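K.L.:
Structure file my_file_6.pdb (PDB, C-alpha atoms, pLDDT in the B column) is given on the next line.
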MODEL        1
ATOM      1  CA  MET A 197       0.000   0.000   0.000  1.00 42.00           C
ATOM      2  CA  PHE A 198       1.349   3.412  -0.915  1.00 45.00           C
ATOM      3  CA  TYR A 199       0.716   6.300   1.427  1.00 50.00           C
ATOM      4  CA  MET A 200       0.149   9.895   0.567  1.00 54.00           C
ATOM      5  CA  ASN A 201       3.303  11.894  -0.004  1.00 62.00           C
ATOM      6  CA  THR A 202       2.024  14.785   2.085  1.00 79.00           C
ATOM      7  CA  THR A 203       3.665  15.402   5.433  1.00 88.00           C
ATOM      8  CA  ILE A 204       1.364  16.815   8.084  1.00 89.00           C
ATOM      9  CA  GLU A 205       2.765  19.789   9.962  1.00 93.00           C
ATOM     10  CA  LEU A 206       3.180  18.792  13.601  1.00 96.00           C
ATOM     11  CA  ASP A 207       4.131  21.201  16.352  1.00 97.00           C
ATOM     12  CA  ALA A 208       5.847  20.238  19.614  1.00 97.00           C
ATOM     13  CA  ILE A 209       2.526  19.602  21.388  1.00 97.00           C
ATOM     14  CA  ASP A 210       1.285  17.324  18.579  1.00 98.00           C
ATOM     15  CA  ARG A 211       4.520  15.356  18.855  1.00 97.00           C
ATOM     16  CA  ARG A 212       4.161  15.027  22.639  1.00 98.00           C
ATOM     17  CA  ILE A 213       0.569  13.846  22.189  1.00 98.00           C
ATOM     18  CA  LEU A 214       1.676  11.249  19.628  1.00 98.00           C
ATOM     19  CA  GLN A 215       4.564  10.055  21.808  1.00 97.00           C
ATOM     20  CA  ALA A 216       2.228   9.646  24.793  1.00 97.00           C
ATOM     21  CA  LEU A 217      -0.355   7.763  22.711  1.00 98.00           C
ATOM     22  CA  GLN A 218       2.323   5.488  21.250  1.00 97.00           C
ATOM     23  CA  ALA A 219       3.420   4.632  24.795  1.00 96.00           C
ATOM     24  CA  ASP A 220      -0.170   4.097  26.027  1.00 96.00           C
ATOM     25  CA  GLY A 221      -3.027   4.155  23.523  1.00 96.00           C
ATOM     26  CA  ARG A 222      -5.564   3.841  26.351  1.00 96.00           C
ATOM     27  CA  ILE A 223      -4.454   6.950  28.236  1.00 97.00           C
ATOM     28  CA  GLY A 224      -7.393   9.157  29.218  1.00 96.00           C
ATOM     29  CA  TYR A 225      -7.698  12.739  28.042  1.00 96.00           C
ATOM     30  CA  ASP A 226      -7.117  14.197  31.522  1.00 97.00           C
ATOM     31  CA  PRO A 227      -3.728  12.483  32.068  1.00 98.00           C
ATOM     32  CA  LEU A 228      -2.813  13.098  28.405  1.00 98.00           C
ATOM     33  CA  ALA A 229      -3.662  16.795  28.754  1.00 98.00           C
ATOM     34  CA  GLU A 230      -1.580  17.021  31.909  1.00 97.00           C
ATOM     35  CA  ALA A 231       1.358  15.288  30.195  1.00 96.00           C
ATOM     36  CA  VAL A 232       1.343  17.700  27.230  1.00 97.00           C
ATOM     37  CA  GLY A 233       0.421  20.882  29.098  1.00 96.00           C
ATOM     38  CA  LEU A 234      -3.023  21.589  27.602  1.00 97.00           C
ATOM     39  CA  SER A 235      -6.602  21.527  28.834  1.00 97.00           C
ATOM     40  CA  PRO A 236      -8.485  18.246  28.261  1.00 97.00           C
ATOM     41  CA  SER A 237     -10.788  19.916  25.683  1.00 97.00           C
ATOM     42  CA  ALA A 238      -7.845  21.344  23.706  1.00 98.00           C
ATOM     43  CA  THR A 239      -6.126  17.958  23.859  1.00 98.00           C
ATOM     44  CA  LEU A 240      -9.284  16.214  22.613  1.00 97.00           C
ATOM     45  CA  ARG A 241      -9.512  18.653  19.673  1.00 98.00           C
ATOM     46  CA  ARG A 242      -5.891  17.976  18.725  1.00 98.00           C
ATOM     47  CA  VAL A 243      -6.304  14.196  18.962  1.00 98.00           C
ATOM     48  CA  LYS A 244      -9.468  14.352  16.809  1.00 98.00           C
ATOM     49  CA  ARG A 245      -7.598  16.479  14.224  1.00 97.00           C
ATOM     50  CA  LEU A 246      -4.707  13.982  14.178  1.00 97.00           C
ATOM     51  CA  GLU A 247      -7.196  11.149  13.661  1.00 97.00           C
ATOM     52  CA  GLU A 248      -9.017  13.010  10.844  1.00 96.00           C
ATOM     53  CA  GLN A 249      -5.700  13.743   9.121  1.00 96.00           C
ATOM     54  CA  GLN A 250      -4.844  10.020   9.359  1.00 95.00           C
ATOM     55  CA  VAL A 251      -1.715  10.738  11.396  1.00 97.00           C
ATOM     56  CA  ILE A 252      -3.297   8.411  13.970  1.00 97.00           C
ATOM     57  CA  LYS A 253      -4.413   5.459  11.866  1.00 96.00           C
ATOM     58  CA  ALA A 254      -5.776   3.096  14.541  1.00 96.00           C
ATOM     59  CA  TYR A 255      -5.718   2.052  18.185  1.00 96.00           C
ATOM     60  CA  VAL A 256      -4.760  -1.570  18.788  1.00 95.00           C
ATOM     61  CA  ALA A 257      -3.826  -4.061  21.493  1.00 94.00           C
ATOM     62  CA  LEU A 258      -0.308  -5.439  21.052  1.00 94.00           C
ATOM     63  CA  LEU A 259      -0.199  -9.136  21.933  1.00 96.00           C
ATOM     64  CA  ALA A 260       2.676 -11.253  23.212  1.00 96.00           C
ATOM     65  CA  PRO A 261       3.133 -13.815  20.392  1.00 97.00           C
ATOM     66  CA  GLU A 262       4.370 -16.576  22.698  1.00 96.00           C
ATOM     67  CA  ALA A 263       1.359 -16.108  24.990  1.00 98.00           C
ATOM     68  CA  VAL A 264      -0.989 -16.901  22.094  1.00 98.00           C
ATOM     69  CA  GLY A 265       1.049 -19.865  20.848  1.00 98.00           C
ATOM     70  CA  LEU A 266       3.152 -18.192  18.152  1.00 98.00           C
ATOM     71  CA  GLY A 267       6.673 -19.152  19.139  1.00 96.00           C
ATOM     72  CA  LEU A 268       8.472 -18.898  15.789  1.00 98.00           C
ATOM     73  CA  THR A 269       9.037 -15.803  13.668  1.00 98.00           C
ATOM     74  CA  ALA A 270      10.635 -15.970  10.238  1.00 98.00           C
ATOM     75  CA  TYR A 271      11.458 -13.464   7.526  1.00 98.00           C
ATOM     76  CA  LEU A 272      11.015 -14.800   4.016  1.00 98.00           C
ATOM     77  CA  ASN A 273      12.453 -13.185   0.918  1.00 98.00           C
ATOM     78  CA  VAL A 274      10.160 -14.107  -1.972  1.00 98.00           C
ATOM     79  CA  ARG A 275      10.879 -13.910  -5.692  1.00 97.00           C
ATOM     80  CA  LEU A 276       7.955 -13.997  -8.122  1.00 95.00           C
ATOM     81  CA  GLU A 277       7.618 -15.278 -11.650  1.00 89.00           C
ATOM     82  CA  LYS A 278       7.886 -12.358 -14.043  1.00 79.00           C
ATOM     83  CA  ARG A 279       4.929 -13.275 -16.245  1.00 68.00           C
ATOM     84  CA  SER A 280       2.052 -15.675 -16.347  1.00 57.00           C
ATOM     85  CA  ALA A 281       0.300 -16.776 -19.517  1.00 60.00           C
ATOM     86  CA  LEU A 282      -2.302 -18.798 -17.604  1.00 60.00           C
ATOM     87  CA  HIS A 283      -3.939 -15.924 -15.745  1.00 57.00           C
ATOM     88  CA  GLN A 284      -5.417 -12.612 -16.779  1.00 70.00           C
ATOM     89  CA  ARG A 285      -4.019 -11.043 -13.622  1.00 78.00           C
ATOM     90  CA  THR A 286      -0.273 -10.496 -13.280  1.00 89.00           C
ATOM     91  CA  PRO A 287       1.807 -12.609 -10.876  1.00 90.00           C
ATOM     92  CA  VAL A 288       2.165  -9.546  -8.642  1.00 93.00           C
ATOM     93  CA  GLU A 289      -1.610  -9.029  -8.470  1.00 93.00           C
ATOM     94  CA  LEU A 290      -2.181 -12.721  -7.733  1.00 93.00           C
ATOM     95  CA  PHE A 291       0.492 -12.773  -5.022  1.00 96.00           C
ATOM     96  CA  ARG A 292      -0.686  -9.552  -3.338  1.00 97.00           C
ATOM     97  CA  ALA A 293      -4.242 -10.883  -3.191  1.00 96.00           C
ATOM     98  CA  ALA A 294      -3.109 -14.241  -1.784  1.00 97.00           C
ATOM     99  CA  VAL A 295      -0.954 -12.672   0.947  1.00 98.00           C
ATOM    100  CA  GLN A 296      -4.046 -10.927   2.339  1.00 98.00           C
ATOM    101  CA  ALA A 297      -5.642 -14.324   3.013  1.00 97.00           C
ATOM    102  CA  TRP A 298      -2.633 -15.982   4.683  1.00 98.00           C
ATOM    103  CA  PRO A 299      -2.975 -15.441   8.455  1.00 98.00           C
ATOM    104  CA  GLU A 300       0.640 -16.482   9.102  1.00 98.00           C
ATOM    105  CA  VAL A 301       1.861 -13.415   7.186  1.00 98.00           C
ATOM    106  CA  VAL A 302       1.734 -10.444   9.548  1.00 98.00           C
ATOM    107  CA  GLU A 303       3.710  -8.084   7.310  1.00 98.00           C
ATOM    108  CA  CYS A 304       4.530  -7.952   3.622  1.00 98.00           C
ATOM    109  CA  ALA A 305       6.731  -5.351   1.957  1.00 98.00           C
ATOM    110  CA  ALA A 306       7.607  -4.930  -1.725  1.00 97.00           C
ATOM    111  CA  LEU A 307      11.382  -4.671  -2.163  1.00 96.00           C
ATOM    112  CA  SER A 308      13.899  -3.352  -4.607  1.00 95.00           C
ATOM    113  CA  GLY A 309      16.803  -5.619  -5.492  1.00 93.00           C
ATOM    114  CA  GLU A 310      17.091  -9.343  -6.144  1.00 92.00           C
ATOM    115  CA  MET A 311      13.952 -10.440  -4.279  1.00 95.00           C
ATOM    116  CA  ASP A 312      10.469  -8.997  -4.789  1.00 96.00           C
ATOM    117  CA  TYR A 313       8.859  -9.232  -1.326  1.00 98.00           C
ATOM    118  CA  LEU A 314       9.802  -9.608   2.321  1.00 98.00           C
ATOM    119  CA  LEU A 315       7.280 -11.454   4.488  1.00 98.00           C
ATOM    120  CA  ARG A 316       7.254 -11.548   8.271  1.00 98.00           C
ATOM    121  CA  VAL A 317       5.630 -14.828   9.223  1.00 98.00           C
ATOM    122  CA  MET A 318       4.546 -15.866  12.712  1.00 98.00           C
ATOM    123  CA  VAL A 319       3.738 -19.520  13.386  1.00 98.00           C
ATOM    124  CA  ARG A 320       3.459 -21.980  16.273  1.00 98.00           C
ATOM    125  CA  ASP A 321       6.563 -24.041  15.516  1.00 98.00           C
ATOM    126  CA  MET A 322       8.778 -25.478  12.776  1.00 98.00           C
ATOM    127  CA  ALA A 323       6.112 -27.980  11.670  1.00 98.00           C
ATOM    128  CA  HIS A 324       3.616 -25.139  11.182  1.00 98.00           C
ATOM    129  CA  TYR A 325       6.259 -23.136   9.315  1.00 98.00           C
ATOM    130  CA  SER A 326       7.068 -26.105   7.068  1.00 98.00           C
ATOM    131  CA  ARG A 327       3.386 -26.652   6.216  1.00 98.00           C
ATOM    132  CA  PHE A 328       2.947 -22.954   5.406  1.00 98.00           C
ATOM    133  CA  VAL A 329       5.959 -22.840   3.078  1.00 98.00           C
ATOM    134  CA  ILE A 330       5.411 -26.172   1.341  1.00 97.00           C
ATOM    135  CA  ASP A 331       1.609 -26.270   1.151  1.00 98.00           C
ATOM    136  CA  THR A 332       0.817 -22.577   0.755  1.00 98.00           C
ATOM    137  CA  LEU A 333       3.662 -20.300  -0.297  1.00 98.00           C
ATOM    138  CA  LEU A 334       5.521 -22.545  -2.743  1.00 97.00           C
ATOM    139  CA  GLU A 335       2.237 -23.862  -4.168  1.00 96.00           C
ATOM    140  CA  HIS A 336       1.242 -20.353  -5.225  1.00 96.00           C
ATOM    141  CA  PRO A 337       1.628 -20.037  -9.018  1.00 93.00           C
ATOM    142  CA  SER A 338       3.355 -16.642  -8.784  1.00 94.00           C
ATOM    143  CA  VAL A 339       6.117 -17.742  -6.384  1.00 96.00           C
ATOM    144  CA  GLN A 340       9.389 -18.739  -8.002  1.00 95.00           C
ATOM    145  CA  ASP A 341      11.667 -18.935  -4.962  1.00 95.00           C
ATOM    146  CA  CYS A 342      11.958 -18.053  -1.281  1.00 97.00           C
ATOM    147  CA  LYS A 343      14.751 -17.763   1.263  1.00 98.00           C
ATOM    148  CA  THR A 344      14.160 -17.825   5.009  1.00 98.00           C
ATOM    149  CA  SER A 345      15.841 -16.280   8.024  1.00 98.00           C
ATOM    150  CA  PHE A 346      14.583 -17.268  11.480  1.00 98.00           C
ATOM    151  CA  VAL A 347      14.467 -14.836  14.383  1.00 98.00           C
ATOM    152  CA  LEU A 348      16.773 -16.056  17.151  1.00 97.00           C
ATOM    153  CA  ASP A 349      16.338 -13.100  19.503  1.00 96.00           C
ATOM    154  CA  HIS A 350      14.526  -9.756  19.462  1.00 94.00           C
ATOM    155  CA  VAL A 351      17.186  -7.124  20.127  1.00 97.00           C
ATOM    156  CA  LYS A 352      14.727  -4.257  19.587  1.00 96.00           C
ATOM    157  CA  ASN A 353      11.013  -4.544  18.924  1.00 94.00           C
ATOM    158  CA  THR A 354       8.891  -1.409  18.952  1.00 94.00           C
ATOM    159  CA  THR A 355       5.862  -0.046  17.181  1.00 94.00           C
ATOM    160  CA  ALA A 356       6.664   3.546  18.197  1.00 95.00           C
ATOM    161  CA  LEU A 357       7.785   5.847  15.402  1.00 95.00           C
ATOM    162  CA  PRO A 358      10.742   8.162  16.101  1.00 96.00           C
ATOM    163  CA  LEU A 359       9.171  11.585  16.503  1.00 93.00           C
TER
ENDMDL
END
If you took the structure in this file and wrote it as C-alpha cells, what would it be?
P.N.:
Amino acid sequence: MFYMNTTIELDAIDRRILQALQADGRIGYDPLAEAVGLSPSATLRRVKRLEEQQVIKAYVALLAPEAVGLGLTAYLNVRLEKRSALHQRTPVELFRAAVQAWPEVVECAALSGEMDYLLRVMVRDMAHYSRFVIDTLLEHPSVQDCKTSFVLDHVKNTTALPL
C-alpha cells in the first residue's frame, strides 16, 4: 500500500501527544492533557484532528506472540515469476491478493533488489512453518523462490515511530 506523499505539519505539542499515545493508547484525556500541558478539551480537539488527518491510523492491542502460541518468527524473501500466460491477472496481483488471506503473514513489503517481497511470518513451531511454506507459499503459481531467516532473539522490537 502506498501512502500519501504529504507530510502533516506537527508542532511540539502534537509530537508530545503522539509520543504519549504510542506509549499508552488507552491513556485518558485528563492524564494526556496534563502530560502535554493543555486543557483536556484542547487535547481532545488535537487528537481528533490527528485522527481526521490520518496521522493516527488506529488504536490496537499489542499481543505477546508466545502467549498466544506463536513461538516462531521468520522473515522470508520471496521472488515472483515475471509473467504468467495462464492468468489474466499479473503474478504480482495474484500474489498480493493471496498474501491478504494468509494469516501467518503479519507483514509484507515490496522490495527493490534481487527479491520482490519480504514477508514476516509468525507460526506456532517449525512444523507449522514447514506446512505454510510447502503447502501454501511454494504452491502459489506466482512464487518462483523463497529464502528464510529465522528470528533467534529480538534485540529491539517497537511499534513507536521516532518523533
K.L.:
Expand the PyMOL selection byres ((chain A and resi 270) around 8) into the explicit residue set it covers here, and present it as a PyMOL selection string.
P.N.:
chain A and resi 268-269+271-272+316-318+344-347
K.L.:
For atom CA of Arg275 of chain A and atom CA of Tyr313 of chain A, quote the distance in Å rounded to one decimal.
P.N.:
6.7 Å
K.L.:
Hey, what comes out of the PyMOL selection byres ((chain A and resi 336) around 12) on this file? Could you write it as an mmCIF file with C-alpha atoms, in the frame of the given file?
P.N.:
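What ended up in result26.cif:
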data_model
loop_
_atom_site.group_PDB
_atom_site.id
_atom_site.type_symbol
_atom_site.label_atom_id
_atom_site.label_comp_id
_atom_site.auth_asym_id
_atom_site.auth_seq_id
_atom_site.Cartn_x
_atom_site.Cartn_y
_atom_site.Cartn_z
ATOM 1 C CA VAL A 274 10.160 -14.107 -1.972
ATOM 2 C CA ARG A 275 10.879 -13.910 -5.692
ATOM 3 C CA LEU A 276 7.955 -13.997 -8.122
ATOM 4 C CA GLU A 277 7.618 -15.278 -11.650
ATOM 5 C CA PRO A 287 1.807 -12.609 -10.876
ATOM 6 C CA VAL A 288 2.165 -9.546 -8.642
ATOM 7 C CA LEU A 290 -2.181 -12.721 -7.733
ATOM 8 C CA PHE A 291 0.492 -12.773 -5.022
ATOM 9 C CA ARG A 292 -0.686 -9.552 -3.338
ATOM 10 C CA ALA A 293 -4.242 -10.883 -3.191
ATOM 11 C CA ALA A 294 -3.109 -14.241 -1.784
ATOM 12 C CA VAL A 295 -0.954 -12.672 0.947
ATOM 13 C CA TRP A 298 -2.633 -15.982 4.683
ATOM 14 C CA PHE A 328 2.947 -22.954 5.406
ATOM 15 C CA VAL A 329 5.959 -22.840 3.078
ATOM 16 C CA ILE A 330 5.411 -26.172 1.341
ATOM 17 C CA ASP A 331 1.609 -26.270 1.151
ATOM 18 C CA THR A 332 0.817 -22.577 0.755
ATOM 19 C CA LEU A 333 3.662 -20.300 -0.297
ATOM 20 C CA LEU A 334 5.521 -22.545 -2.743
ATOM 21 C CA GLU A 335 2.237 -23.862 -4.168
ATOM 22 C CA PRO A 337 1.628 -20.037 -9.018
ATOM 23 C CA SER A 338 3.355 -16.642 -8.784
ATOM 24 C CA VAL A 339 6.117 -17.742 -6.384
ATOM 25 C CA GLN A 340 9.389 -18.739 -8.002
ATOM 26 C CA ASP A 341 11.667 -18.935 -4.962
ATOM 27 C CA CYS A 342 11.958 -18.053 -1.281
#
K.L.:
Within 9 Å of segment 202-218 of chain A, counting all atoms listed in the file, which residues show up once you throw out same-chain ones fewer than 6 positions away? Write them as JSON, numbers by chain, please.
P.N.:
{"A": [228, 229, 231, 232, 233, 234, 239, 242, 243, 246, 249, 251, 252, 355, 356, 357, 358, 359]}
K.L.:
What gap, in Å, lies between atom CA of Gly224 of chain A and atom CA of Val256 of chain A?
P.N.:
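Result for atom CA of Gly224 of chain A versus atom CA of Val256 of chain A: 15.2 Å, one decimal.
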K.L.:
Expressed in Å to a single decimal, how great is the separation between atom CA of Gln250 of chain A and atom CA of Val302 of chain A?
P.N.:
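Separation of atom CA of Gln250 of chain A and atom CA of Val302 of chain A: 21.5 Å.
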K.L.:
Could you check which of A:Ala263, A:Glu248, A:Gly221, A:Tyr255 is closest to Arg320 of chain A, using all atoms listed in the file?
P.N.:
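Ranked by minimum distance to Arg320 of chain A, first place goes to A:Ala263.
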K.L.:
Have a look at A:Met322, A:Ile223, A:Leu240, A:Leu315 and name the one nearest to Glu303 of chain A; count only C-alpha atoms.
P.N.:
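Under the stated criterion, the closest residue is A:Leu315.
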K.L.:
Find the residue from A:Val301, A:Ala238, A:Val351, A:Val319 that sits nearest to Pro261 of chain A; use all atoms listed in the file when measuring.
P.N.:
A:Val319
K.L.:
Could segment 338-349 of chain A be completed with all heavy atoms and written as a short mmCIF file (atom, residue, chain, number, x, y, z; two decimals), keeping the file's coordinate frame, please?
P.N.:
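Final output, out-v8.cif:
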data_model
loop_
_atom_site.label_atom_id
_atom_site.label_comp_id
_atom_site.auth_asym_id
_atom_site.auth_seq_id
_atom_site.Cartn_x
_atom_site.Cartn_y
_atom_site.Cartn_z
N SER A 338 2.50 -17.80 -8.54
CA SER A 338 3.36 -16.64 -8.78
C SER A 338 4.73 -16.76 -8.14
O SER A 338 5.66 -16.04 -8.51
CB SER A 338 2.69 -15.36 -8.26
OG SER A 338 1.49 -15.11 -8.93
N VAL A 339 4.88 -17.66 -7.16
CA VAL A 339 6.12 -17.74 -6.38
C VAL A 339 7.13 -18.61 -7.12
O VAL A 339 6.88 -19.76 -7.43
CB VAL A 339 5.84 -18.27 -4.97
CG1 VAL A 339 7.15 -18.50 -4.21
CG2 VAL A 339 4.94 -17.31 -4.21
N GLN A 340 8.30 -18.02 -7.36
CA GLN A 340 9.39 -18.74 -8.00
C GLN A 340 10.35 -19.32 -6.97
O GLN A 340 10.81 -20.44 -7.11
CB GLN A 340 10.15 -17.79 -8.93
CG GLN A 340 11.33 -18.42 -9.62
CD GLN A 340 12.09 -17.42 -10.47
OE1 GLN A 340 11.71 -16.26 -10.58
NE2 GLN A 340 13.17 -17.86 -11.09
N ASP A 341 10.64 -18.53 -5.91
CA ASP A 341 11.67 -18.93 -4.96
C ASP A 341 11.45 -18.19 -3.65
O ASP A 341 10.85 -17.12 -3.63
CB ASP A 341 13.04 -18.57 -5.54
CG ASP A 341 14.20 -19.05 -4.69
OD1 ASP A 341 14.06 -20.04 -3.96
OD2 ASP A 341 15.28 -18.41 -4.76
N CYS A 342 11.96 -18.78 -2.56
CA CYS A 342 11.96 -18.05 -1.28
C CYS A 342 13.18 -18.46 -0.48
O CYS A 342 13.70 -19.56 -0.63
CB CYS A 342 10.67 -18.28 -0.50
SG CYS A 342 10.52 -19.87 0.30
N LYS A 343 13.63 -17.53 0.35
CA LYS A 343 14.75 -17.76 1.26
C LYS A 343 14.32 -17.29 2.64
O LYS A 343 13.73 -16.23 2.78
CB LYS A 343 15.99 -17.00 0.80
CG LYS A 343 16.51 -17.48 -0.53
CD LYS A 343 17.73 -16.71 -0.97
CE LYS A 343 18.16 -17.28 -2.31
NZ LYS A 343 19.18 -16.51 -2.95
N THR A 344 14.65 -18.08 3.65
CA THR A 344 14.16 -17.82 5.01
C THR A 344 15.28 -17.49 5.96
O THR A 344 16.36 -18.08 5.91
CB THR A 344 13.43 -19.07 5.54
OG1 THR A 344 12.36 -19.40 4.66
CG2 THR A 344 12.88 -18.85 6.93
N SER A 345 15.00 -16.56 6.86
CA SER A 345 15.84 -16.28 8.02
C SER A 345 14.93 -16.37 9.24
O SER A 345 13.85 -15.77 9.26
CB SER A 345 16.46 -14.88 7.95
OG SER A 345 17.35 -14.79 6.87
N PHE A 346 15.37 -17.11 10.26
CA PHE A 346 14.58 -17.27 11.48
C PHE A 346 15.07 -16.29 12.54
O PHE A 346 16.27 -16.04 12.67
CB PHE A 346 14.69 -18.70 12.02
CG PHE A 346 14.04 -19.70 11.13
CD1 PHE A 346 14.80 -20.50 10.28
CD2 PHE A 346 12.66 -19.84 11.11
CE1 PHE A 346 14.20 -21.42 9.44
CE2 PHE A 346 12.05 -20.76 10.26
CZ PHE A 346 12.82 -21.54 9.43
N VAL A 347 14.14 -15.74 13.29
CA VAL A 347 14.47 -14.84 14.38
C VAL A 347 14.97 -15.67 15.55
O VAL A 347 14.26 -16.55 16.04
CB VAL A 347 13.24 -13.99 14.79
CG1 VAL A 347 13.54 -13.17 16.05
CG2 VAL A 347 12.82 -13.07 13.64
N LEU A 348 16.19 -15.37 16.00
CA LEU A 348 16.77 -16.06 17.15
C LEU A 348 16.52 -15.28 18.44
O LEU A 348 16.35 -15.88 19.50
CB LEU A 348 18.28 -16.23 16.95
CG LEU A 348 18.71 -17.03 15.71
CD1 LEU A 348 20.22 -17.04 15.59
CD2 LEU A 348 18.14 -18.43 15.76
N ASP A 349 16.52 -13.95 18.34
CA ASP A 349 16.34 -13.10 19.50
C ASP A 349 15.87 -11.73 19.03
O ASP A 349 16.33 -11.25 17.99
CB ASP A 349 17.66 -12.97 20.27
CG ASP A 349 17.52 -12.24 21.58
OD1 ASP A 349 16.42 -12.21 22.15
OD2 ASP A 349 18.54 -11.68 22.05
#
